[in-house]
Amino acid sequence: MTREITLSKAVNEAIAEEMRRDPAVFLMGEDVAEAGTPFKVLAGLVDEFGPDRVIDTPISEPGFVGMAVGAAMTGSRPIVDLMFGDFLYLVMDQLCNQAAKTHYMSGGKLTVPMVLRTNLGATRRSAAQHSQSLHALVAHIPGLKVAMPSSAYEAKGLMKTAIRDENPVVIFEDKLMYQDKAPVPEEEYLIPFGAANVLREGRDITLVATSSMVQVAQKAAEALQADGISAEVIDPRTLVPLDEATIVESVRKTSRAIVIDEGHRNFGVTGEIASRIAEKAFYHLDYPVQRMGAMDVPVPFSPALEDLTVPTPEAVAEAARRAVRGEVADAA
Amino acid sequence: MAAQAAKKTGGSRSRKTQGAAKAAKANTEDYLRMYRQMVKIRAFEDQANQLYLSAKMPGLTHMYSGQEAVAVGICEALTDEDRITSTHRGHGHCVAKGAEFRQMFCELLGREEGYCRGKGGSMHIADQAHGNLGANAIVGGSMGIATGAALSAKLQGRDFVTVCFFGDGATAQGLWYEVMNMAALWKLPVIYACENNGYSEYTKTEEIAAGSLTARAEAFGIEAHGVDGQDVLAVNELAQRLVERARHGEGPFFVELDTYRYHGHHVGDINRDYYRSKDEEAEWKERRDPIVNFGKWLEAEGILSADDLVAIGDEIRAEAESAVAYALNAGYPEAGEVDMHVFAGVDHALPYIDGYAKGAGA
Ligand SMILES: Cc1ncc(C[n+]2csc(CCOP(=O)(O)OP(=O)(O)O)c2C)c(N)n1
Ligand SMILES: [Mg+2]
């Protein structure tokens with residue numbers, strides 16, 4: 001049986017199911033209990049699991065992320081709620097120096113099975129400190145897995161896999177997608193890490209898109225179809241591990257690629273994926289691999305400016321048309 | 001500047017435990033083990049220092065010598081189930097929590113038989129089997145981990161206690177105040193043990209710490225104690241009481257242990273005149289040495305003779321020497337190890353992160 005539920009509900013269900021299955025799983029973060037987070041994603045969980053397993057913390061991000069690391073090292077399986085992805089900067093030591101490295105530094109003796117769930121995404125008119133998409137920061141760090149759900153279905157399956165993983169996993173939800181509905185089976189399912197999803201098959205160009213940009217790529221592909229251009233859309237689902245083979249195979253077939261991601265373009269996810277394509281599909285390419293990321297400026301408040309900073313379906317479609325026509329983009 | 005927490009002011013310490021509490025460990029066997037454990041730490045560090053001076057050890061290391069009564073007094077009050085988190089100056093904690101010389105020297109020398117297969121080194125030794133959750137090279141970096149372990153105990157209804165060791169310098173990290181707050185709110189079974197050795201690197205504590213350290217913990221409603229960290233019986237007596245109380249839900253606690261490091265900040269810190277005097281070093285070494293003073297007490301109590309003390313020292317030093325010889329001949333990890341243990345359940349991280357190998361469950 002499949003019904004349509006919101007991404008928010010999908011995350012809630014995934015966590016509730018895993019908490020029922022495994023008593024070691026618990027939640028902690030700011031306003032996660034009665035309030036169910038500012039986005040209401042966790043609403044109702046405290047009623048079922050009680051305040052011992054849905055723990056409201058003080059506003060001490062390094063403190064409670066560090067505590068999650070210690071709890072994970074001693075038999076618990078914490079899910080930490082970081083209210084905004086922008087607050088990752090506050091917890092970098094605990095996440096990147098402690099959680100990410102403990103298994104390695106201990107020669108495999110200690111494990112840190114924890115999930116840090118947070119969000120990304122601009123255009124909510126939240127300005128520069130509540131709008132960033134910082135997944136590239138953590139994807140850079142060996143020892144962390146990074147998941148990027150692009151729909152309610154993806155969010156549920158990836159969250160369940162994250163909770164069962166024996167390693168620290170950072171999962172980014174698109175905060176603008178919380179109310180978006182998608183068909184989600186009632187039966188249990190998990191989505192494995194490192195297995196990209198080919199949402200749409202095509203011949204002429206590959207659009208590799210993550211999280212919030214998957215919808216953008218899908219819309220672009222529809223517009224392109226009207227022009228007779230057949231676009232393949234791939235959602236990697238996880239950045240670490242990255243299903244490189246599926247991406248490379250697709251580009252070998254289509255000979256063109258655009259990589260779209262809401263992180264800043266500079267030194268980010270788009271550059272990483274583009275360079276893998278260049279390394280492994282170079283002789284198949286008919287056009288330079290294109291990258292589209294968030295503009296390399298702090299996210300501005302004014303809607304008139306903010307909307308300029310994020311890739312749109314129109315911009316992606318236009319870039320694809322140029323690529324298919326073989327137009328030299330920046331010939332200077 | 002009123003630096004009450006400064007070394008040797010002492011006046012601000014609350015509930016100072018006076019003198020050796022002789023009832024601490026009830027029998028001779030316990031006294032002997034404490035003595036041997038302290039001698040073991042000293043012997044380990046002397047060998048580690050030699051390894052550095054003779055260029056046989058990669059990198060630098062931080063000597064625990066002088067602080068032995070802190071690690072031993074506290075860890076003797078703990079079981080293997082109880083956890084500790086340790087610091088860059090962590091060899092003493094590791095030995096005191098039950099680690100073996102051979103695997104420790106192997107780790108310091110980057111050998112495969114080391115506690116962490118040579119991947120951690122001096123600053124990251126972890127000994128899971130004895131409850132040592134690991135040394136940490138980030139000053140104050142383990143305060144969250146220790147408090148989280150205590151949260152785990154509480155959530156799972158288990159009765160282990162966690163001791164978080166850190167230096168006076170680490171009290172300047174904001175993380176401590178965040179986790180003390182939560183530990184106090186949730187009554188977690190954690191003991192924050194601050195080894196105040198008077199210095200962080202080359203800076204005196206009084207220059208970096210305003211007010212009193214115990215008062216900082218007390219501000220969170222945490223019971224705080226000051227104790228002479230050179231007196232193993234005093235430390236042990238206090239630790240036993242606090243560990244038992246923490247086990248029964250009366251935690252958290254804070255303990256400030258007055259102590260001194262004999263060597264430089266690390267083995268390469270040889271010329272120290274610019275930040276501390278030779279007289280000061282001599283005063284601590286000659287009058288307040290934890291091993292010499294405890295040995296004298298054992299002799300005075302008729303528990304051990306002077307000959308016994310010498311024999312114990314000789315035996316342990318020989319053991320340390322043979323462990324070093326063993327470690328120097330032990331093998332390095334194979335090159336193929338380099339990308340192992342990055343992820344649990346994944347054999348080799350490099351093919352895995354590129355999607356060419358599956359991990360467990362994914
Ligand atoms: C976050 C951080 N800052 C600085 C350092 C460099 N450092 C290493 S040890 C140390 C001094 C620590 O002093 P204390 O906590 O008193 O411990 P002690 O060395 O006296 O045992 C410093 C500054 C570090 N490792 N981590
Ligand atoms: Mg110090």
# chains A, B, ... in the order shown; residues from 1 in each chain; ligands from 1
>>> residues_around(residues="Asp308 of chain B", least_positions_apart="3", cutoff="12 Å", atoms="only C-alpha atoms", output="ChimeraX atom specification")
/B:32,35-36,295-296,298-299,302-305,311-315
>>> write_last_selection(atoms="N, CA, C and O atoms", output="PDB file, in the first residue's frame")
ATOM      1  N   LEU B  32      49.739  -2.127  47.559  1.00  0.00           N
ATOM      2  CA  LEU B  32      50.816  -2.593  46.686  1.00  0.00           C
ATOM      3  C   LEU B  32      50.491  -2.319  45.237  1.00  0.00           C
ATOM      4  O   LEU B  32      51.347  -1.883  44.471  1.00  0.00           O
ATOM      5  N   TYR B  35      50.967   1.303  44.461  1.00  0.00           N
ATOM      6  CA  TYR B  35      52.385   1.654  44.370  1.00  0.00           C
ATOM      7  C   TYR B  35      52.950   1.169  43.036  1.00  0.00           C
ATOM      8  O   TYR B  35      53.595   1.918  42.304  1.00  0.00           O
ATOM      9  N   ARG B  36      52.654  -0.089  42.726  1.00  0.00           N
ATOM     10  CA  ARG B  36      53.188  -0.655  41.481  1.00  0.00           C
ATOM     11  C   ARG B  36      52.672   0.116  40.260  1.00  0.00           C
ATOM     12  O   ARG B  36      53.422   0.375  39.318  1.00  0.00           O
ATOM     13  N   GLY B 295      55.969   5.496  48.995  1.00  0.00           N
ATOM     14  CA  GLY B 295      56.913   4.444  49.391  1.00  0.00           C
ATOM     15  C   GLY B 295      57.319   4.610  50.851  1.00  0.00           C
ATOM     16  O   GLY B 295      57.356   3.640  51.621  1.00  0.00           O
ATOM     17  N   LYS B 296      57.591   5.843  51.241  1.00  0.00           N
ATOM     18  CA  LYS B 296      57.983   6.107  52.640  1.00  0.00           C
ATOM     19  C   LYS B 296      56.856   5.716  53.591  1.00  0.00           C
ATOM     20  O   LYS B 296      57.082   5.166  54.664  1.00  0.00           O
ATOM     21  N   LEU B 298      54.520   3.481  53.043  1.00  0.00           N
ATOM     22  CA  LEU B 298      54.415   2.010  53.086  1.00  0.00           C
ATOM     23  C   LEU B 298      55.471   1.421  54.023  1.00  0.00           C
ATOM     24  O   LEU B 298      55.212   0.479  54.775  1.00  0.00           O
ATOM     25  N   GLU B 299      56.661   2.036  53.975  1.00  0.00           N
ATOM     26  CA  GLU B 299      57.756   1.576  54.848  1.00  0.00           C
ATOM     27  C   GLU B 299      57.413   1.854  56.307  1.00  0.00           C
ATOM     28  O   GLU B 299      57.531   0.979  57.172  1.00  0.00           O
ATOM     29  N   GLY B 302      55.116  -0.386  57.805  1.00  0.00           N
ATOM     30  CA  GLY B 302      55.598  -1.762  57.888  1.00  0.00           C
ATOM     31  C   GLY B 302      55.017  -2.664  56.814  1.00  0.00           C
ATOM     32  O   GLY B 302      55.034  -3.890  56.922  1.00  0.00           O
ATOM     33  N   ILE B 303      54.520  -2.066  55.754  1.00  0.00           N
ATOM     34  CA  ILE B 303      53.919  -2.876  54.688  1.00  0.00           C
ATOM     35  C   ILE B 303      54.998  -3.375  53.738  1.00  0.00           C
ATOM     36  O   ILE B 303      54.957  -4.502  53.257  1.00  0.00           O
ATOM     37  N   LEU B 304      55.975  -2.532  53.474  1.00  0.00           N
ATOM     38  CA  LEU B 304      57.078  -2.914  52.599  1.00  0.00           C
ATOM     39  C   LEU B 304      58.383  -2.426  53.212  1.00  0.00           C
ATOM     40  O   LEU B 304      58.409  -1.397  53.904  1.00  0.00           O
ATOM     41  N   SER B 305      59.472  -3.158  52.929  1.00  0.00           N
ATOM     42  CA  SER B 305      60.789  -2.710  53.371  1.00  0.00           C
ATOM     43  C   SER B 305      61.422  -1.879  52.263  1.00  0.00           C
ATOM     44  O   SER B 305      60.964  -1.906  51.118  1.00  0.00           O
ATOM     45  N   ALA B 311      63.223  -3.478  44.889  1.00  0.00           N
ATOM     46  CA  ALA B 311      62.968  -4.665  44.051  1.00  0.00           C
ATOM     47  C   ALA B 311      61.784  -4.424  43.107  1.00  0.00           C
ATOM     48  O   ALA B 311      61.841  -4.797  41.929  1.00  0.00           O
ATOM     49  N   ILE B 312      60.748  -3.786  43.618  1.00  0.00           N
ATOM     50  CA  ILE B 312      59.580  -3.494  42.761  1.00  0.00           C
ATOM     51  C   ILE B 312      59.993  -2.585  41.607  1.00  0.00           C
ATOM     52  O   ILE B 312      59.669  -2.833  40.446  1.00  0.00           O
ATOM     53  N   GLY B 313      60.750  -1.551  41.952  1.00  0.00           N
ATOM     54  CA  GLY B 313      61.212  -0.625  40.918  1.00  0.00           C
ATOM     55  C   GLY B 313      62.031  -1.354  39.860  1.00  0.00           C
ATOM     56  O   GLY B 313      61.818  -1.167  38.657  1.00  0.00           O
ATOM     57  N   ASP B 314      62.962  -2.207  40.307  1.00  0.00           N
ATOM     58  CA  ASP B 314      63.825  -2.933  39.362  1.00  0.00           C
ATOM     59  C   ASP B 314      63.004  -3.842  38.460  1.00  0.00           C
ATOM     60  O   ASP B 314      63.197  -3.880  37.243  1.00  0.00           O
ATOM     61  N   GLU B 315      62.079  -4.530  39.081  1.00  0.00           N
ATOM     62  CA  GLU B 315      61.274  -5.484  38.323  1.00  0.00           C
ATOM     63  C   GLU B 315      60.456  -4.755  37.245  1.00  0.00           C
ATOM     64  O   GLU B 315      60.426  -5.171  36.079  1.00  0.00           O
TER      65      GLU B 315
END
>>> residues_near_ligand(ligand="ligand 2", cutoff="10 Å", atoms="only C-alpha atoms and all ligand atoms", output="PDB file with N, CA and C atoms, in the first residue's frame")
ATOM      1  N   ARG B  89      48.167  14.187  27.390  1.00  0.00           N
ATOM      2  CA  ARG B  89      49.133  13.706  28.391  1.00  0.00           C
ATOM      3  C   ARG B  89      48.524  12.454  29.031  1.00  0.00           C
ATOM      4  N   PHE B 166      41.120  16.063  32.455  1.00  0.00           N
ATOM      5  CA  PHE B 166      41.583  17.174  31.617  1.00  0.00           C
ATOM      6  C   PHE B 166      42.503  18.069  32.433  1.00  0.00           C
ATOM      7  N   GLY B 167      43.221  18.933  31.745  1.00  0.00           N
ATOM      8  CA  GLY B 167      44.179  19.801  32.411  1.00  0.00           C
ATOM      9  C   GLY B 167      43.576  21.141  32.789  1.00  0.00           C
ATOM     10  N   ASP B 168      44.342  21.914  33.534  1.00  0.00           N
ATOM     11  CA  ASP B 168      43.904  23.260  33.904  1.00  0.00           C
ATOM     12  C   ASP B 168      43.645  24.111  32.657  1.00  0.00           C
ATOM     13  N   GLY B 169      44.465  23.898  31.620  1.00  0.00           N
ATOM     14  CA  GLY B 169      44.294  24.690  30.404  1.00  0.00           C
ATOM     15  C   GLY B 169      42.941  24.449  29.754  1.00  0.00           C
ATOM     16  N   ALA B 170      42.450  23.224  29.864  1.00  0.00           N
ATOM     17  CA  ALA B 170      41.186  22.856  29.214  1.00  0.00           C
ATOM     18  C   ALA B 170      39.983  23.532  29.861  1.00  0.00           C
ATOM     19  N   THR B 171      40.164  24.053  31.068  1.00  0.00           N
ATOM     20  CA  THR B 171      39.028  24.724  31.713  1.00  0.00           C
ATOM     21  C   THR B 171      38.654  26.010  30.989  1.00  0.00           C
ATOM     22  N   CYS B 194      40.038  17.622  37.031  1.00  0.00           N
ATOM     23  CA  CYS B 194      40.963  18.606  36.457  1.00  0.00           C
ATOM     24  C   CYS B 194      42.331  18.463  37.105  1.00  0.00           C
ATOM     25  N   GLU B 195      43.309  18.056  36.313  1.00  0.00           N
ATOM     26  CA  GLU B 195      44.674  17.937  36.821  1.00  0.00           C
ATOM     27  C   GLU B 195      45.341  19.289  36.664  1.00  0.00           C
ATOM     28  N   ASN B 196      45.360  20.034  37.746  1.00  0.00           N
ATOM     29  CA  ASN B 196      45.974  21.358  37.692  1.00  0.00           C
ATOM     30  C   ASN B 196      47.465  21.222  37.965  1.00  0.00           C
ATOM     31  N   ASN B 197      48.229  21.140  36.866  1.00  0.00           N
ATOM     32  CA  ASN B 197      49.689  21.011  37.020  1.00  0.00           C
ATOM     33  C   ASN B 197      50.378  22.370  36.879  1.00  0.00           C
ATOM     34  N   GLY B 198      49.589  23.416  36.993  1.00  0.00           N
ATOM     35  CA  GLY B 198      50.176  24.754  37.067  1.00  0.00           C
ATOM     36  C   GLY B 198      50.463  25.418  35.735  1.00  0.00           C
ATOM     37  N   TYR B 199      50.412  24.638  34.661  1.00  0.00           N
ATOM     38  CA  TYR B 199      50.775  25.205  33.361  1.00  0.00           C
ATOM     39  C   TYR B 199      49.926  24.610  32.258  1.00  0.00           C
ATOM     40  N   SER B 200      49.644  25.425  31.246  1.00  0.00           N
ATOM     41  CA  SER B 200      49.199  24.891  29.970  1.00  0.00           C
ATOM     42  C   SER B 200      50.269  25.329  28.977  1.00  0.00           C
ATOM     43  N   GLU B 201      50.912  24.339  28.401  1.00  0.00           N
ATOM     44  CA  GLU B 201      52.120  24.588  27.610  1.00  0.00           C
ATOM     45  C   GLU B 201      53.088  25.434  28.427  1.00  0.00           C
ATOM     46  N   TYR B 202      53.287  26.678  27.988  1.00  0.00           N
ATOM     47  CA  TYR B 202      54.349  27.489  28.595  1.00  0.00           C
ATOM     48  C   TYR B 202      53.757  28.664  29.381  1.00  0.00           C
ATOM     49  N   THR B 203      52.474  28.508  29.757  1.00  0.00           N
ATOM     50  CA  THR B 203      51.753  29.595  30.403  1.00  0.00           C
ATOM     51  C   THR B 203      51.257  29.159  31.769  1.00  0.00           C
ATOM     52  N   LYS B 204      51.478  30.009  32.768  1.00  0.00           N
ATOM     53  CA  LYS B 204      51.025  29.680  34.121  1.00  0.00           C
ATOM     54  C   LYS B 204      49.499  29.751  34.204  1.00  0.00           C
ATOM     55  N   THR B 205      48.951  28.863  35.003  1.00  0.00           N
ATOM     56  CA  THR B 205      47.496  28.796  35.144  1.00  0.00           C
ATOM     57  C   THR B 205      46.926  30.135  35.603  1.00  0.00           C
ATOM     58  N   THR B 259      48.717  19.278  41.170  1.00  0.00           N
ATOM     59  CA  THR B 259      49.812  18.379  40.795  1.00  0.00           C
ATOM     60  C   THR B 259      50.877  19.120  39.996  1.00  0.00           C
ATOM     61  N   TYR B 260      51.815  18.391  39.428  1.00  0.00           N
ATOM     62  CA  TYR B 260      52.942  19.026  38.744  1.00  0.00           C
ATOM     63  C   TYR B 260      53.503  18.071  37.708  1.00  0.00           C
ATOM     64  N   ARG B 261      53.846  18.636  36.536  1.00  0.00           N
ATOM     65  CA  ARG B 261      54.517  17.774  35.558  1.00  0.00           C
ATOM     66  C   ARG B 261      56.015  18.005  35.657  1.00  0.00           C
ATOM     67  N   HIS B 265      56.532  20.599  28.534  1.00  0.00           N
ATOM     68  CA  HIS B 265      55.186  20.374  28.004  1.00  0.00           C
ATOM     69  C   HIS B 265      55.171  19.100  27.158  1.00  0.00           C
TER      70      HIS B 265
END
>>> atom_distance(atom1="atom CA of Tyr104 of chain A", atom2="atom CA of Gly134 of chain B")
11.9 Å
>>> closest_residue(among="A:Ala33, A:Val289, A:Ala72, A:Met28", to="chain B", atoms="only C-alpha atoms")
A:Ala72
>>> closest_residue(among="A:Asp93, A:Glu4, A:Glu201, A:Glu30", to="ligand 1", atoms="only C-alpha atoms and all ligand atoms")
A:Asp93
>>> select_by_dssp(residues="segment 161-301 of chain B", states="helix (DSSP H, G or I)", output="ChimeraX atom specification")
/B:168-172,174-185,205-208,213-218,232-247,278-287,290-300
>>> closest_residue(among="B:Asn49, B:Thr162, B:Ser152, B:Gln173", to="ligand 1", atoms="only C-alpha atoms and all ligand atoms")
B:Gln173
>>> closest_atom_pairs(of="chain B", to="chain A", cutoff="9 Å", atoms="only C-alpha atoms", output="tab-separated table")
residue	atom	partner	partner_atom	distance
B:Gly114	CA	A:Gly107	CA	8.8
B:Tyr115	CA	A:Ser106	CA	7.3
B:Cys116	CA	A:Gly107	CA	4.0
B:Arg117	CA	A:Gly107	CA	5.2
B:Gly118	CA	A:Gly107	CA	7.3
B:Lys119	CA	A:Met105	CA	5.3
B:Gly120	CA	A:Met105	CA	4.4
B:Gly121	CA	A:Met105	CA	8.1
B:His124	CA	A:Met105	CA	6.4
B:Ile125	CA	A:Ser106	CA	6.9
B:Ala126	CA	A:Ser106	CA	5.8
B:Asp127	CA	A:Ser106	CA	8.1
B:Gln128	CA	A:Lys109	CA	6.6
B:Leu133	CA	A:Leu110	CA	7.8
B:Gly134	CA	A:Ser106	CA	7.7
B:Asn136	CA	A:Gln98	CA	8.5
B:Ile138	CA	A:Asn97	CA	8.1
B:Gly141	CA	A:Gln94	CA	7.4
B:Ser142	CA	A:Gly66	CA	7.8
B:Met143	CA	A:Gly66	CA	7.5
B:Gly144	CA	A:Gly66	CA	4.1
B:Ile145	CA	A:Gly70	CA	3.6
B:Ala146	CA	A:Gly70	CA	5.9
B:Thr147	CA	A:Met67	CA	5.7
B:Gly148	CA	A:Met67	CA	3.6
B:Ala149	CA	A:Ala71	CA	4.6
B:Ala150	CA	A:Ala71	CA	7.5
B:Leu151	CA	A:Ala71	CA	6.4
B:Ser152	CA	A:Ala71	CA	4.9
B:Ala153	CA	A:Thr74	CA	8.0
B:Leu155	CA	A:Asp52	CA	6.9
B:Gln156	CA	A:Ala24	CA	7.6
B:Gly174	CA	A:Gly63	CA	8.9
B:Leu175	CA	A:Gly63	CA	5.7
B:Trp176	CA	A:Gly63	CA	7.9
B:Tyr177	CA	A:Gly63	CA	8.5
B:Glu178	CA	A:Gly63	CA	5.3
B:Val179	CA	A:Gly63	CA	5.3
B:Asn181	CA	A:Pro58	CA	8.5
B:Met182	CA	A:Pro58	CA	7.5
B:Asp339	CA	A:Tyr104	CA	8.9
B:Met340	CA	A:Tyr104	CA	7.7
B:His341	CA	A:Tyr104	CA	4.9
B:Val342	CA	A:Tyr104	CA	5.0
B:Phe343	CA	A:Gly143	CA	5.9
B:Ala344	CA	A:Glu166	CA	5.9
B:Gly345	CA	A:Glu166	CA	7.2
B:Ala349	CA	A:Gly143	CA	8.7
B:Tyr352	CA	A:Pro241	CA	6.3
B:Ile353	CA	A:Pro241	CA	4.0
B:Asp354	CA	A:Leu242	CA	5.1
B:Gly355	CA	A:Asp243	CA	4.4
B:Tyr356	CA	A:Asp243	CA	7.5
B:Ala357	CA	A:Gly194	CA	8.9
B:Lys358	CA	A:Gly194	CA	7.8
B:Gly359	CA	A:Phe193	CA	8.6
B:Ala360	CA	A:Asp165	CA	8.0
B:Gly361	CA	A:Pro192	CA	7.2
B:Ala362	CA	A:Pro192	CA	4.5
>>> residues_around(residues="Asn119 of chain A", least_positions_apart="6", cutoff="9 Å", atoms="only C-alpha atoms", output="PyMOL selection string")
chain A and resi 82-86+131-134+171-175
>>> write_last_selection(atoms="N, CA, C and O atoms", output="compact mmCIF listing (two decimals), in the first residue's frame")
# COMPACT_ATOMS: atom_id res chain seq x y z
N LEU A 82 20.18 19.07 14.61
CA LEU A 82 20.83 20.38 14.53
C LEU A 82 19.86 21.28 13.77
O LEU A 82 19.65 21.11 12.57
N MET A 83 19.30 22.23 14.48
CA MET A 83 18.14 22.96 14.00
C MET A 83 18.31 23.57 12.61
O MET A 83 17.41 23.54 11.79
N PHE A 84 19.48 24.13 12.35
CA PHE A 84 19.79 24.69 11.04
C PHE A 84 21.17 24.22 10.61
O PHE A 84 22.09 24.18 11.42
N GLY A 85 21.28 23.90 9.33
CA GLY A 85 22.57 23.46 8.79
C GLY A 85 23.66 24.49 9.03
O GLY A 85 24.84 24.14 9.18
N ASP A 86 23.26 25.73 9.11
CA ASP A 86 24.22 26.82 9.34
C ASP A 86 24.97 26.65 10.67
O ASP A 86 26.04 27.22 10.85
N SER A 131 20.30 29.87 5.87
CA SER A 131 19.95 29.49 4.49
C SER A 131 21.02 28.68 3.78
O SER A 131 20.87 28.35 2.61
N GLN A 132 22.09 28.37 4.48
CA GLN A 132 23.22 27.78 3.78
C GLN A 132 23.04 26.28 3.54
O GLN A 132 22.34 25.60 4.27
N SER A 133 23.75 25.82 2.52
CA SER A 133 23.76 24.39 2.18
C SER A 133 25.21 23.94 2.32
O SER A 133 26.02 24.09 1.41
N LEU A 134 25.54 23.37 3.48
CA LEU A 134 26.95 23.17 3.84
C LEU A 134 27.41 21.72 3.78
O LEU A 134 28.41 21.36 4.39
N ILE A 171 22.78 13.79 7.70
CA ILE A 171 21.70 13.74 6.72
C ILE A 171 21.10 15.14 6.61
O ILE A 171 20.75 15.76 7.61
N PHE A 172 21.07 15.65 5.38
CA PHE A 172 20.59 17.01 5.13
C PHE A 172 19.20 16.95 4.52
O PHE A 172 19.02 16.35 3.46
N GLU A 173 18.24 17.56 5.18
CA GLU A 173 16.90 17.66 4.60
C GLU A 173 16.74 19.07 4.02
O GLU A 173 17.24 20.03 4.59
N ASP A 174 16.02 19.16 2.90
CA ASP A 174 15.76 20.48 2.32
C ASP A 174 14.60 21.10 3.08
O ASP A 174 13.48 20.61 3.03
N LYS A 175 14.87 22.19 3.79
CA LYS A 175 13.84 22.75 4.66
C LYS A 175 12.67 23.33 3.88
O LYS A 175 11.60 23.52 4.44
>>> residues_around(residues="Leu53 of chain B", least_positions_apart="6", cutoff="12 Å", atoms="only C-alpha atoms", output="list in words")
Asp46, Gln47, Gly59, Leu60, Thr61, His266, Val267, Gly268, Asp269 and Ile270 of chain B
>>> atom_distance(atom1="atom CA of Ser277 of chain B", atom2="atom CA of His88 of chain B")
23.8 Å
>>> atom_distance(atom1="atom CA of Tyr262 of chain B", atom2="atom CA of Gly66 of chain B")
5.3 Å
>>> select_by_dssp(residues="segment 62-265 of chain A", states="strand (DSSP E or B)", output="VMD selection string")
chain A and resid 77 to 81 115 to 120 145 to 147 169 to 174 181 to 185 197 to 200 205 to 209 231 to 235 238 to 240 257 to 264
>>> residues_around(residues="Phe39 of chain A", least_positions_apart="2", cutoff="10 Å", atoms="only C-alpha atoms", output="count of residues only")
12
>>> residues_around(residues="Ala231 of chain A", least_positions_apart="5", cutoff="9 Å", atoms="only C-alpha atoms", output="JSON, numbers by chain")
{"A": [200, 201, 202, 203, 204, 205, 206, 207, 218, 220, 221, 222, 224, 225, 254, 320]}
>>> closest_residue(among="A:Ala16, A:Met92, A:Val328, A:Leu176", to="ligand 1", atoms="only C-alpha atoms and all ligand atoms")
A:Met92
